[in-house]
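A.B. asks: So here's query09.cif, just mmCIF, C-alpha atoms:
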```
data_run
#
loop_
_atom_site.group_PDB
_atom_site.id
_atom_site.type_symbol
_atom_site.label_atom_id
_atom_site.label_comp_id
_atom_site.auth_asym_id
_atom_site.auth_seq_id
_atom_site.Cartn_x
_atom_site.Cartn_y
_atom_site.Cartn_z
ATOM 1 C CA MET A 29 38.645 -27.456 29.643
ATOM 2 C CA LYS A 30 35.072 -28.387 30.537
ATOM 3 C CA THR A 31 34.219 -24.720 30.904
ATOM 4 C CA ILE A 32 35.640 -23.931 27.455
ATOM 5 C CA ASN A 33 33.644 -26.776 25.914
ATOM 6 C CA LYS A 34 30.441 -25.455 27.489
ATOM 7 C CA ILE A 35 31.122 -21.991 26.104
ATOM 8 C CA ILE A 36 31.689 -23.447 22.621
ATOM 9 C CA LEU A 37 28.437 -25.430 22.797
ATOM 10 C CA ILE A 38 26.479 -22.342 23.852
ATOM 11 C CA ALA A 39 28.012 -20.314 21.032
ATOM 12 C CA LEU A 40 27.148 -22.995 18.488
ATOM 13 C CA ALA A 41 23.566 -23.137 19.773
ATOM 14 C CA ILE A 42 23.215 -19.373 19.393
ATOM 15 C CA LEU A 43 24.601 -19.476 15.849
ATOM 16 C CA THR A 44 21.901 -21.950 14.788
ATOM 17 C CA TYR A 45 19.341 -19.154 15.164
ATOM 18 C CA SER A 46 19.233 -15.871 13.295
ATOM 19 C CA CYS A 47 19.366 -12.551 15.128
ATOM 20 C CA ASP A 48 15.696 -11.997 14.313
ATOM 21 C CA ASP A 49 14.789 -15.351 15.878
ATOM 22 C CA ILE A 50 16.552 -14.354 19.097
ATOM 23 C CA LEU A 51 15.053 -10.864 19.248
ATOM 24 C CA GLU A 52 11.493 -11.756 18.251
ATOM 25 C CA GLU A 53 9.164 -13.001 20.987
ATOM 26 C CA ASP A 54 8.056 -16.608 20.606
ATOM 27 C CA ILE A 55 4.261 -16.495 20.192
ATOM 28 C CA SER A 56 3.889 -19.972 18.712
ATOM 29 C CA GLU A 57 1.896 -21.229 21.713
ATOM 30 C CA GLU A 58 -0.305 -18.151 22.035
ATOM 31 C CA THR A 59 -3.817 -17.549 20.665
ATOM 32 C CA VAL A 60 -5.520 -14.328 19.586
ATOM 33 C CA GLU A 61 -8.844 -13.546 21.263
ATOM 34 C CA ILE A 62 -11.813 -12.987 18.928
ATOM 35 C CA ILE A 63 -14.070 -10.103 19.954
ATOM 36 C CA THR A 64 -16.599 -9.589 17.158
ATOM 37 C CA PRO A 65 -18.437 -11.070 15.401
ATOM 38 C CA ALA A 66 -18.791 -13.619 18.162
ATOM 39 C CA GLU A 67 -20.019 -17.197 17.771
ATOM 40 C CA ASP A 68 -23.489 -17.428 16.148
ATOM 41 C CA ALA A 69 -23.775 -13.650 15.723
ATOM 42 C CA ILE A 70 -26.295 -12.383 13.154
ATOM 43 C CA ILE A 71 -25.177 -9.199 11.381
ATOM 44 C CA GLU A 72 -28.053 -7.114 10.019
ATOM 45 C CA SER A 73 -25.911 -5.218 7.533
ATOM 46 C CA ASN A 74 -23.917 -5.611 4.326
ATOM 47 C CA VAL A 75 -20.674 -4.738 6.137
ATOM 48 C CA VAL A 76 -19.073 -6.632 8.998
ATOM 49 C CA ASN A 77 -16.615 -5.185 11.513
ATOM 50 C CA PHE A 78 -14.081 -7.853 12.509
ATOM 51 C CA LYS A 79 -12.288 -7.105 15.760
ATOM 52 C CA TRP A 80 -9.825 -9.074 17.884
ATOM 53 C CA GLY A 81 -7.596 -8.526 20.885
ATOM 54 C CA SER A 82 -3.969 -7.494 20.565
ATOM 55 C CA LEU A 83 -1.331 -10.172 21.203
ATOM 56 C CA LYS A 84 1.933 -9.225 22.905
ATOM 57 C CA GLY A 85 4.820 -9.924 20.565
ATOM 58 C CA ALA A 86 2.713 -9.896 17.390
ATOM 59 C CA ASP A 87 3.529 -7.298 14.721
ATOM 60 C CA LYS A 88 0.727 -8.256 12.330
ATOM 61 C CA TYR A 89 -2.411 -10.366 12.211
ATOM 62 C CA ARG A 90 -3.630 -12.767 9.554
ATOM 63 C CA ILE A 91 -7.407 -13.025 9.232
ATOM 64 C CA GLN A 92 -9.129 -15.778 7.267
ATOM 65 C CA ILE A 93 -12.818 -15.870 6.320
ATOM 66 C CA TYR A 94 -14.651 -18.914 4.951
ATOM 67 C CA GLU A 95 -18.062 -19.509 3.402
ATOM 68 C CA ASP A 96 -19.197 -23.137 3.133
ATOM 69 C CA GLY A 97 -15.616 -24.290 3.654
ATOM 70 C CA ILE A 98 -14.277 -22.104 0.842
ATOM 71 C CA MET A 99 -11.776 -19.402 1.742
ATOM 72 C CA LEU A 100 -12.980 -15.925 0.764
ATOM 73 C CA LEU A 101 -10.198 -13.907 2.350
ATOM 74 C CA ASP A 102 -6.649 -14.345 3.615
ATOM 75 C CA SER A 103 -5.426 -10.915 4.661
ATOM 76 C CA LEU A 104 -2.507 -9.572 6.705
ATOM 77 C CA THR A 105 -2.866 -6.342 8.676
ATOM 78 C CA SER A 106 -1.059 -4.496 11.451
ATOM 79 C CA LYS A 107 -4.391 -3.393 12.937
ATOM 80 C CA THR A 108 -6.681 -5.290 15.324
ATOM 81 C CA SER A 109 -9.797 -4.696 13.251
ATOM 82 C CA ILE A 110 -10.968 -4.732 9.660
ATOM 83 C CA THR A 111 -14.310 -3.843 8.057
ATOM 84 C CA LEU A 112 -15.425 -5.848 5.035
ATOM 85 C CA PRO A 113 -18.504 -6.038 2.798
ATOM 86 C CA LEU A 114 -20.275 -9.427 2.777
ATOM 87 C CA GLU A 115 -23.395 -10.662 1.065
ATOM 88 C CA THR A 116 -26.188 -12.482 2.893
ATOM 89 C CA GLY A 117 -24.857 -15.873 3.987
ATOM 90 C CA SER A 118 -23.180 -17.984 6.662
ATOM 91 C CA TYR A 119 -19.485 -17.565 7.403
ATOM 92 C CA SER A 120 -16.686 -18.499 9.781
ATOM 93 C CA TRP A 121 -13.518 -16.605 10.608
ATOM 94 C CA SER A 122 -10.312 -16.953 12.587
ATOM 95 C CA VAL A 123 -7.180 -14.913 13.175
ATOM 96 C CA ARG A 124 -3.603 -15.445 14.295
ATOM 97 C CA GLY A 125 -0.697 -13.190 15.291
ATOM 98 C CA GLU A 126 2.603 -13.053 13.421
ATOM 99 C CA ASN A 127 6.034 -11.530 13.779
ATOM 100 C CA TYR A 128 9.208 -11.963 11.745
ATOM 101 C CA ALA A 129 10.102 -15.304 13.256
ATOM 102 C CA TYR A 130 6.918 -16.816 14.732
ATOM 103 C CA GLU A 131 3.210 -17.389 14.162
ATOM 104 C CA SER A 132 0.632 -17.896 16.882
ATOM 105 C CA ILE A 133 -2.079 -20.553 16.855
ATOM 106 C CA TYR A 134 -5.201 -19.620 14.894
ATOM 107 C CA SER A 135 -8.153 -18.733 17.081
ATOM 108 C CA SER A 136 -10.987 -21.266 17.087
ATOM 109 C CA PRO A 137 -13.263 -20.572 14.078
ATOM 110 C CA SER A 138 -16.186 -18.342 14.974
ATOM 111 C CA ASN A 139 -19.384 -18.817 12.979
ATOM 112 C CA PHE A 140 -21.672 -15.932 12.078
ATOM 113 C CA SER A 141 -24.255 -15.009 9.474
ATOM 114 C CA THR A 142 -25.275 -11.863 7.640
ATOM 115 C CA ASN A 143 -28.724 -10.737 6.638
ATOM 116 C CA ILE A 144 -29.107 -7.650 4.471
ATOM 117 C CA PRO A 145 -32.444 -5.974 5.287
ATOM 118 C CA ASP A 146 -34.474 -3.624 3.116
ATOM 119 C CA ASP A 147 -33.699 -0.822 5.576
ATOM 120 C CA LEU A 148 -30.484 0.938 4.483
ATOM 121 C CA THR A 149 -29.836 2.631 7.833
ATOM 122 C CA ASP A 150 -27.025 0.344 9.056
ATOM 123 C CA GLN A 151 -25.623 -0.461 5.637
ATOM 124 C CA LYS A 152 -22.674 1.073 3.839
ATOM 125 C CA VAL A 153 -21.785 1.512 0.175
ATOM 126 C CA VAL A 154 -18.487 -0.089 -0.862
ATOM 127 C CA LEU A 155 -16.153 2.338 -2.666
ATOM 128 C CA THR A 156 -13.860 0.710 -5.227
ATOM 129 C CA SER A 157 -11.906 3.445 -7.061
ATOM 130 C CA PRO A 158 -9.702 5.342 -6.656
ATOM 131 C CA GLU A 159 -8.089 3.292 -3.917
ATOM 132 C CA ASP A 160 -7.801 5.060 -0.582
ATOM 133 C CA ASN A 161 -5.042 7.719 -0.426
ATOM 134 C CA LYS A 162 -4.213 7.302 -4.117
ATOM 135 C CA PHE A 163 -1.974 10.001 -5.650
ATOM 136 C CA LEU A 164 -3.184 11.413 -8.979
ATOM 137 C CA ASN A 165 -1.925 14.111 -11.351
ATOM 138 C CA PHE A 166 -5.255 14.814 -13.068
ATOM 139 C CA ILE A 167 -8.613 16.182 -11.907
ATOM 140 C CA ASN A 168 -11.191 14.370 -14.082
ATOM 141 C CA ILE A 169 -11.211 11.495 -11.597
ATOM 142 C CA PRO A 170 -13.604 8.550 -12.036
ATOM 143 C CA LEU A 171 -15.300 7.755 -8.717
ATOM 144 C CA VAL A 172 -16.560 4.159 -8.657
ATOM 145 C CA TRP A 173 -18.614 2.219 -6.109
ATOM 146 C CA GLU A 174 -20.601 -0.999 -5.877
ATOM 147 C CA PHE A 175 -24.363 -1.046 -6.147
ATOM 148 C CA LEU A 176 -26.051 -1.470 -2.773
ATOM 149 C CA ASP A 177 -28.970 -3.873 -2.839
ATOM 150 C CA LYS A 178 -32.292 -2.087 -2.126
ATOM 151 C CA ALA A 179 -30.788 1.347 -2.840
ATOM 152 C CA THR A 180 -32.261 3.444 -5.637
ATOM 153 C CA THR A 181 -30.153 6.617 -5.642
ATOM 154 C CA TYR A 182 -26.759 7.840 -4.409
ATOM 155 C CA ASN A 183 -25.431 11.204 -3.221
ATOM 156 C CA VAL A 184 -21.769 12.185 -3.685
ATOM 157 C CA LYS A 185 -19.769 15.063 -2.279
ATOM 158 C CA VAL A 186 -16.058 15.932 -2.256
ATOM 159 C CA ILE A 187 -14.365 17.763 0.637
ATOM 160 C CA ASN A 188 -11.023 19.559 0.724
ATOM 161 C CA THR A 189 -9.529 18.027 3.893
ATOM 162 C CA LYS A 190 -7.304 21.053 4.586
ATOM 163 C CA THR A 191 -10.043 23.690 4.429
ATOM 164 C CA GLY A 192 -13.019 21.466 5.255
ATOM 165 C CA LEU A 193 -14.893 23.061 2.376
ATOM 166 C CA GLU A 194 -17.140 21.138 0.001
ATOM 167 C CA VAL A 195 -15.786 21.484 -3.545
ATOM 168 C CA TYR A 196 -18.238 19.221 -5.378
ATOM 169 C CA SER A 197 -21.584 17.530 -4.880
ATOM 170 C CA LYS A 198 -24.109 15.602 -6.925
ATOM 171 C CA SER A 199 -27.306 13.902 -5.791
ATOM 172 C CA SER A 200 -29.945 11.462 -7.015
ATOM 173 C CA LEU A 201 -27.453 9.400 -9.016
ATOM 174 C CA THR A 202 -28.691 6.056 -10.319
ATOM 175 C CA VAL A 203 -25.323 4.832 -11.656
ATOM 176 C CA LYS A 204 -22.289 3.412 -9.853
ATOM 177 C CA THR A 205 -19.638 5.656 -11.371
ATOM 178 C CA LEU A 206 -19.120 9.385 -11.696
ATOM 179 C CA THR A 207 -16.284 11.371 -13.274
ATOM 180 C CA LEU A 208 -15.565 14.645 -11.516
ATOM 181 C CA ASP A 209 -16.288 17.458 -13.966
ATOM 182 C CA LEU A 210 -14.569 20.252 -12.081
ATOM 183 C CA PRO A 211 -12.885 23.004 -14.112
ATOM 184 C CA SER A 212 -9.941 22.956 -11.681
ATOM 185 C CA LEU A 213 -8.818 21.207 -8.522
ATOM 186 C CA GLU A 214 -5.720 22.512 -6.764
ATOM 187 C CA ASP A 215 -3.077 20.194 -5.363
ATOM 188 C CA GLY A 216 -4.030 18.744 -2.004
ATOM 189 C CA THR A 217 -5.902 15.959 -0.242
ATOM 190 C CA TYR A 218 -9.607 15.369 -0.788
ATOM 191 C CA GLU A 219 -12.190 13.024 0.690
ATOM 192 C CA TRP A 220 -15.135 11.824 -1.341
ATOM 193 C CA GLN A 221 -18.211 10.746 0.549
ATOM 194 C CA LEU A 222 -21.215 8.764 -0.603
ATOM 195 C CA THR A 223 -24.613 7.817 0.819
ATOM 196 C CA ALA A 224 -27.397 5.640 -0.591
ATOM 197 C CA LYS A 225 -31.178 6.108 -0.413
ATOM 198 C CA ASN A 226 -34.442 4.435 -1.209
ATOM 199 C CA ASP A 227 -38.013 5.593 -0.617
ATOM 200 C CA GLU A 228 -38.023 4.476 3.019
ATOM 201 C CA SER A 229 -34.481 4.901 4.333
ATOM 202 C CA GLU A 230 -30.959 6.236 3.884
ATOM 203 C CA THR A 231 -27.545 5.008 5.041
ATOM 204 C CA LYS A 232 -26.674 6.821 8.260
ATOM 205 C CA ARG A 233 -22.965 6.173 7.722
ATOM 206 C CA TYR A 234 -21.433 7.700 4.653
ATOM 207 C CA SER A 235 -18.740 5.783 2.814
ATOM 208 C CA ALA A 236 -15.518 7.800 2.574
ATOM 209 C CA SER A 237 -12.189 7.526 0.803
ATOM 210 C CA LYS A 238 -9.337 9.981 0.211
ATOM 211 C CA PHE A 239 -7.323 10.861 -2.864
ATOM 212 C CA ASN A 240 -4.433 13.264 -3.399
ATOM 213 C CA ILE A 241 -3.896 15.648 -6.313
ATOM 214 C CA ASP A 242 -0.195 16.166 -7.079
ATOM 215 C CA THR A 243 0.705 17.935 -10.329
ATOM 216 C CA THR A 244 4.150 19.152 -9.200
ATOM 217 C CA VAL A 245 6.964 17.642 -11.264
ATOM 218 C CA PRO A 246 9.849 16.210 -9.173
ATOM 219 C CA ASN A 247 13.100 18.139 -9.091
ATOM 220 C CA GLN A 248 16.034 17.240 -11.320
ATOM 221 C CA PRO A 249 18.516 14.937 -9.554
ATOM 222 C CA LYS A 250 22.255 15.617 -9.494
ATOM 223 C CA ASN A 251 24.727 12.759 -9.887
ATOM 224 C CA THR A 252 27.236 12.597 -7.029
ATOM 225 C CA SER A 253 29.067 9.271 -7.301
ATOM 226 C CA PRO A 254 30.862 7.926 -9.219
ATOM 227 C CA VAL A 255 32.097 11.335 -10.360
ATOM 228 C CA ASN A 256 32.141 12.262 -14.019
ATOM 229 C CA ASP A 257 34.887 10.621 -16.121
ATOM 230 C CA SER A 258 35.720 8.070 -13.407
ATOM 231 C CA ASP A 259 37.296 4.642 -13.821
ATOM 232 C CA GLN A 260 35.846 1.314 -12.710
ATOM 233 C CA THR A 261 37.104 -2.253 -12.640
ATOM 234 C CA VAL A 262 35.097 -4.884 -14.470
ATOM 235 C CA ASN A 263 33.047 -7.216 -12.241
ATOM 236 C CA SER A 264 33.482 -4.911 -9.236
ATOM 237 C CA ASN A 265 30.502 -3.624 -7.278
ATOM 238 C CA VAL A 266 29.935 0.120 -7.613
ATOM 239 C CA THR A 267 27.531 2.330 -5.659
ATOM 240 C CA TYR A 268 25.801 5.027 -7.714
ATOM 241 C CA THR A 269 24.421 7.943 -5.705
ATOM 242 C CA TRP A 270 22.639 11.195 -6.456
ATOM 243 C CA SER A 271 20.969 14.087 -4.639
ATOM 244 C CA ILE A 272 17.667 15.858 -5.193
ATOM 245 C CA ALA A 273 16.153 19.030 -3.762
ATOM 246 C CA ALA A 274 13.173 18.664 -1.418
ATOM 247 C CA ASP A 275 9.705 18.612 -2.952
ATOM 248 C CA ILE A 276 8.046 22.020 -2.495
ATOM 249 C CA GLY A 277 4.613 20.894 -3.704
ATOM 250 C CA VAL A 278 1.503 20.942 -1.514
ATOM 251 C CA SER A 279 0.861 17.228 -1.995
ATOM 252 C CA LYS A 280 4.063 15.206 -1.694
ATOM 253 C CA SER A 281 3.706 11.787 -3.282
ATOM 254 C CA PRO A 282 6.513 9.229 -2.794
ATOM 255 C CA VAL A 283 9.399 9.490 -5.252
ATOM 256 C CA SER A 284 11.303 6.722 -7.003
ATOM 257 C CA TYR A 285 14.095 6.893 -9.568
ATOM 258 C CA ILE A 286 14.888 5.594 -13.047
ATOM 259 C CA ILE A 287 18.598 5.076 -13.724
ATOM 260 C CA GLU A 288 19.753 4.605 -17.313
ATOM 261 C CA PHE A 289 23.041 3.365 -18.731
ATOM 262 C CA ALA A 290 24.055 4.060 -22.323
ATOM 263 C CA ASN A 291 26.903 3.620 -24.780
ATOM 264 C CA ASP A 292 26.749 7.249 -25.923
ATOM 265 C CA ALA A 293 26.611 10.682 -24.299
ATOM 266 C CA ASP A 294 23.254 11.495 -25.938
ATOM 267 C CA PHE A 295 21.657 8.300 -24.549
ATOM 268 C CA ASN A 296 20.488 7.161 -27.959
ATOM 269 C CA ALA A 297 21.829 3.682 -27.184
ATOM 270 C CA ILE A 298 20.457 2.859 -23.718
ATOM 271 C CA PHE A 299 21.370 -0.721 -22.869
ATOM 272 C CA GLU A 300 20.209 -0.938 -19.243
ATOM 273 C CA THR A 301 17.480 0.645 -17.106
ATOM 274 C CA GLN A 302 17.227 0.225 -13.338
ATOM 275 C CA LYS A 303 14.749 1.414 -10.728
ATOM 276 C CA SER A 304 15.461 2.517 -7.167
ATOM 277 C CA ASN A 305 13.284 3.751 -4.299
ATOM 278 C CA SER A 306 16.225 5.549 -2.713
ATOM 279 C CA THR A 307 19.018 7.841 -3.939
ATOM 280 C CA THR A 308 21.444 4.979 -4.351
ATOM 281 C CA LEU A 309 21.951 1.946 -6.595
ATOM 282 C CA GLN A 310 24.334 -1.001 -6.422
ATOM 283 C CA ARG A 311 25.604 -2.240 -9.800
ATOM 284 C CA THR A 312 28.329 -4.458 -11.194
ATOM 285 C CA ALA A 313 29.823 -3.658 -14.611
ATOM 286 C CA GLN A 314 30.189 -6.883 -16.590
ATOM 287 C CA ALA A 315 31.917 -5.493 -19.685
ATOM 288 C CA THR A 316 34.790 -3.137 -20.399
ATOM 289 C CA GLY A 317 34.372 0.095 -22.352
ATOM 290 C CA ILE A 318 33.194 3.675 -22.093
ATOM 291 C CA PHE A 319 29.675 4.218 -20.749
ATOM 292 C CA TYR A 320 27.339 6.926 -19.412
ATOM 293 C CA TRP A 321 24.754 7.065 -16.634
ATOM 294 C CA ARG A 322 21.927 9.423 -15.650
ATOM 295 C CA VAL A 323 18.888 9.414 -13.373
ATOM 296 C CA ARG A 324 15.429 10.996 -13.250
ATOM 297 C CA ALA A 325 12.701 11.075 -10.596
ATOM 298 C CA ILE A 326 9.106 9.897 -10.926
ATOM 299 C CA ASP A 327 6.547 10.388 -8.174
ATOM 300 C CA GLY A 328 3.580 8.332 -7.037
ATOM 301 C CA ALA A 329 1.161 10.491 -9.031
ATOM 302 C CA GLY A 330 2.994 9.767 -12.293
ATOM 303 C CA ASN A 331 4.835 13.093 -12.662
ATOM 304 C CA ILE A 332 8.245 12.618 -14.311
ATOM 305 C CA GLY A 333 11.157 15.000 -13.744
ATOM 306 C CA ASN A 334 14.078 15.910 -15.978
ATOM 307 C CA ASN A 335 17.090 13.653 -16.384
ATOM 308 C CA SER A 336 20.257 14.513 -14.521
ATOM 309 C CA ALA A 337 23.362 15.360 -16.512
ATOM 310 C CA GLY A 338 24.965 12.259 -17.999
ATOM 311 C CA PHE A 339 28.179 11.162 -16.317
ATOM 312 C CA LYS A 340 30.873 9.257 -18.186
ATOM 313 C CA PHE A 341 32.719 6.279 -16.739
ATOM 314 C CA THR A 342 35.288 3.834 -18.120
ATOM 315 C CA VAL A 343 35.341 0.153 -17.169
ATOM 316 C CA LYS A 344 38.757 -1.493 -17.362
ATOM 317 C CA GLN A 345 40.188 -4.920 -16.647
#
```
Represent the supplied structure as structure tokens.

C.D. replies:
Amino acid sequence: MKTINKIILIALAILTYSCDDILEEDISEETVEIITPAEDAIIESNVVNFKWGSLKGADKYRIQIYEDGIMLLDSLTSKTSITLPLETGSYSWSVRGENYAYESIYSSPSNFSTNIPDDLTDQKVVLTSPEDNKFLNFINIPLVWEFLDKATTYNVKVINTKTGLEVYSKSSLTVKTLTLDLPSLEDGTYEWQLTAKNDESETKRYSASKFNIDTTVPNQPKNTSPVNDSDQTVNSNVTYTWSIAADIGVSKSPVSYIIEFANDADFNAIFETQKSNSTTLQRTAQATGIFYWRVRAIDGAGNIGNNSAGFKFTVKQ
């Protein structure tokens, strides 16, 4: 009997924790090691490379940066480094590790300062748009960056990452935005690079960011379940599924789906629209009657495919 009681107590103790809690490593007493910038470091640049040691059991890291006691950044990343632009000033930063169930102790705050010199050599221009690896379905793309203090002109070039060939360049710009005026730009991945200059110096590191051109319209989905002219029971959960042919485009942006429900076969009376990132959708019919459903694909570049054929279904008591 005592043995049985012990087994019951152990089982109850296990049930008080989720599976994730049991599987995840407890890092709550651990601390992440700061590498750079170290205590009292002086950074002679407008960009700062934050780096810390990896912590066993941590899936991600949360970095916090303060200026005069005011939080400037609270960011979560899976990497052990991050590069950020900062103006001249005094700062402190700390970092902790995290997993699904636990958080480590924050590292002791490390104080550092930045000083932006007139020399541009070790500085870097901050690119703001388009965001890195953005998918686009047009070619007249606005390239936007932040002005770099002490810089007078900027040079821009665009590289096709597959061929390595330069497809666009412009120099001696005095503005902080430029719209690509190319007559054509085939689907693919491109990197735009930018440097800054003044009369005495030039940034030795170019700023770089990628974008993807995708003008291929997604394929038309095919409804698979529930089959056409099927019956459903009101308030029951139904799984809607569909299939779609593989994207044959050069640049394959992620695809999501728009599912529509209507009272008529021509979908003039759409009463519900759902979105799904996979080829399935869970739904509960809350009213009886005859209805229709269809689905279309939309990709990350904004290309919209054709609707699938509308399938009829009847909801009964």

A.B. asks: Quick one: which residues end up in the PyMOL selection byres ((chain A and resi 183-187) around 10) for this structure, as a PyMOL selection string?

C.D. replies: chain A and resi 171+181-182+188-202+206+208+217-225+234-238

A.B. asks: CA of Asp147 (chain A) and CA of Glu228 (chain A), how far apart in Å?

C.D. replies: 7.3 Å

A.B. asks: So that I can check the surroundings of Pro137 (chain A), please list as a PyMOL selection string every protein, DNA and RNA residue that reaches within 8 Å of it, counting all atoms listed in the file and ignoring chain neighbours fewer than 5 positions away.

C.D. replies: chain A and resi 120-122

A.B. asks: Extract, using all atoms listed in the file, all DNA, RNA and protein residues at most 12 Å from region 59-62 of chain A, discarding same-chain residues fewer than 5 positions from it, and format them as an MDAnalysis selection string.

C.D. replies: chainID A and resid 54 67 77:86 88:91 108:109 120:126 131:139

A.B. asks: Kindly export the residues of the current selection with C-alpha atoms, as a PDB file, keeping the file's coordinate frame.

C.D. replies:
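out.pdb written:
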```pdb
ATOM      1  CA  ASP A  54       8.056 -16.608  20.606  1.00  0.00           C
ATOM      2  CA  GLU A  67     -20.019 -17.197  17.771  1.00  0.00           C
ATOM      3  CA  ASN A  77     -16.615  -5.185  11.513  1.00  0.00           C
ATOM      4  CA  PHE A  78     -14.081  -7.853  12.509  1.00  0.00           C
ATOM      5  CA  LYS A  79     -12.288  -7.105  15.760  1.00  0.00           C
ATOM      6  CA  TRP A  80      -9.825  -9.074  17.884  1.00  0.00           C
ATOM      7  CA  GLY A  81      -7.596  -8.526  20.885  1.00  0.00           C
ATOM      8  CA  SER A  82      -3.969  -7.494  20.565  1.00  0.00           C
ATOM      9  CA  LEU A  83      -1.331 -10.172  21.203  1.00  0.00           C
ATOM     10  CA  LYS A  84       1.933  -9.225  22.905  1.00  0.00           C
ATOM     11  CA  GLY A  85       4.820  -9.924  20.565  1.00  0.00           C
ATOM     12  CA  ALA A  86       2.713  -9.896  17.390  1.00  0.00           C
ATOM     13  CA  LYS A  88       0.727  -8.256  12.330  1.00  0.00           C
ATOM     14  CA  TYR A  89      -2.411 -10.366  12.211  1.00  0.00           C
ATOM     15  CA  ARG A  90      -3.630 -12.767   9.554  1.00  0.00           C
ATOM     16  CA  ILE A  91      -7.407 -13.025   9.232  1.00  0.00           C
ATOM     17  CA  THR A 108      -6.681  -5.290  15.324  1.00  0.00           C
ATOM     18  CA  SER A 109      -9.797  -4.696  13.251  1.00  0.00           C
ATOM     19  CA  SER A 120     -16.686 -18.499   9.781  1.00  0.00           C
ATOM     20  CA  TRP A 121     -13.518 -16.605  10.608  1.00  0.00           C
ATOM     21  CA  SER A 122     -10.312 -16.953  12.587  1.00  0.00           C
ATOM     22  CA  VAL A 123      -7.180 -14.913  13.175  1.00  0.00           C
ATOM     23  CA  ARG A 124      -3.603 -15.445  14.295  1.00  0.00           C
ATOM     24  CA  GLY A 125      -0.697 -13.190  15.291  1.00  0.00           C
ATOM     25  CA  GLU A 126       2.603 -13.053  13.421  1.00  0.00           C
ATOM     26  CA  GLU A 131       3.210 -17.389  14.162  1.00  0.00           C
ATOM     27  CA  SER A 132       0.632 -17.896  16.882  1.00  0.00           C
ATOM     28  CA  ILE A 133      -2.079 -20.553  16.855  1.00  0.00           C
ATOM     29  CA  TYR A 134      -5.201 -19.620  14.894  1.00  0.00           C
ATOM     30  CA  SER A 135      -8.153 -18.733  17.081  1.00  0.00           C
ATOM     31  CA  SER A 136     -10.987 -21.266  17.087  1.00  0.00           C
ATOM     32  CA  PRO A 137     -13.263 -20.572  14.078  1.00  0.00           C
ATOM     33  CA  SER A 138     -16.186 -18.342  14.974  1.00  0.00           C
ATOM     34  CA  ASN A 139     -19.384 -18.817  12.979  1.00  0.00           C
TER      35      ASN A 139
END
```

A.B. asks: What is the CA of Glu58 (chain A) to CA of Tyr128 (chain A) distance in Å?

C.D. replies: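 Result for CA of Glu58 (chain A) versus CA of Tyr128 (chain A): 15.3 Å, one decimal.
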
A.B. asks: Could you tell me which residues the PyMOL selection byres ((chain A and resi 292) around 12) grabs in this file, written as a compact mmCIF listing (two decimals) with C-alpha atoms, in the coordinates of the input?

C.D. replies:
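Once everything was written out, this is expr-v3.txt:
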```txt
# COMPACT_ATOMS: atom_id res chain seq x y z
CA GLU A 288 19.75 4.61 -17.31
CA PHE A 289 23.04 3.36 -18.73
CA ALA A 290 24.06 4.06 -22.32
CA ASN A 291 26.90 3.62 -24.78
CA ALA A 293 26.61 10.68 -24.30
CA ASP A 294 23.25 11.50 -25.94
CA PHE A 295 21.66 8.30 -24.55
CA ASN A 296 20.49 7.16 -27.96
CA ALA A 297 21.83 3.68 -27.18
CA ILE A 298 20.46 2.86 -23.72
CA PHE A 299 21.37 -0.72 -22.87
CA GLY A 317 34.37 0.10 -22.35
CA ILE A 318 33.19 3.68 -22.09
CA PHE A 319 29.68 4.22 -20.75
CA TYR A 320 27.34 6.93 -19.41
CA TRP A 321 24.75 7.06 -16.63
CA ARG A 322 21.93 9.42 -15.65
CA GLY A 338 24.96 12.26 -18.00
CA PHE A 339 28.18 11.16 -16.32
CA LYS A 340 30.87 9.26 -18.19
CA PHE A 341 32.72 6.28 -16.74
```

A.B. asks: Mind giving me the straight-line distance from CA of Val343 (chain A) to CA of Arg311 (chain A) in Å, one decimal?

C.D. replies: 12.4 Å

A.B. asks: Go through A:Thr156, A:Asn127, A:Thr180, A:Asn247 and flag the residue nearest Ile276 (chain A), using only C-alpha atoms for the distances.

C.D. replies: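 Closest candidate: A:Asn247.
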
A.B. asks: Could region 312-329 of chain A be written out with C-alpha atoms, as a compact mmCIF listing (two decimals), in the first residue's frame, please?

C.D. replies:
```
# COMPACT_ATOMS: atom_id res chain seq x y z
CA THR A 312 -17.92 25.13 -36.75
CA ALA A 313 -21.21 25.81 -38.56
CA GLN A 314 -23.54 27.69 -36.21
CA ALA A 315 -26.63 27.83 -38.43
CA THR A 316 -28.56 25.41 -40.61
CA GLY A 317 -29.03 25.91 -44.35
CA ILE A 318 -27.33 25.56 -47.70
CA PHE A 319 -23.92 27.22 -48.06
CA TYR A 320 -20.86 27.35 -50.33
CA TRP A 321 -17.11 27.57 -49.73
CA ARG A 322 -14.05 28.38 -51.85
CA VAL A 323 -10.40 29.29 -51.32
CA ARG A 324 -7.70 31.32 -53.08
CA ALA A 325 -3.96 31.75 -52.47
CA ILE A 326 -2.07 34.97 -51.83
CA ASP A 327 1.71 35.09 -51.56
CA GLY A 328 4.07 37.24 -49.52
CA ALA A 329 4.67 39.58 -52.46
```
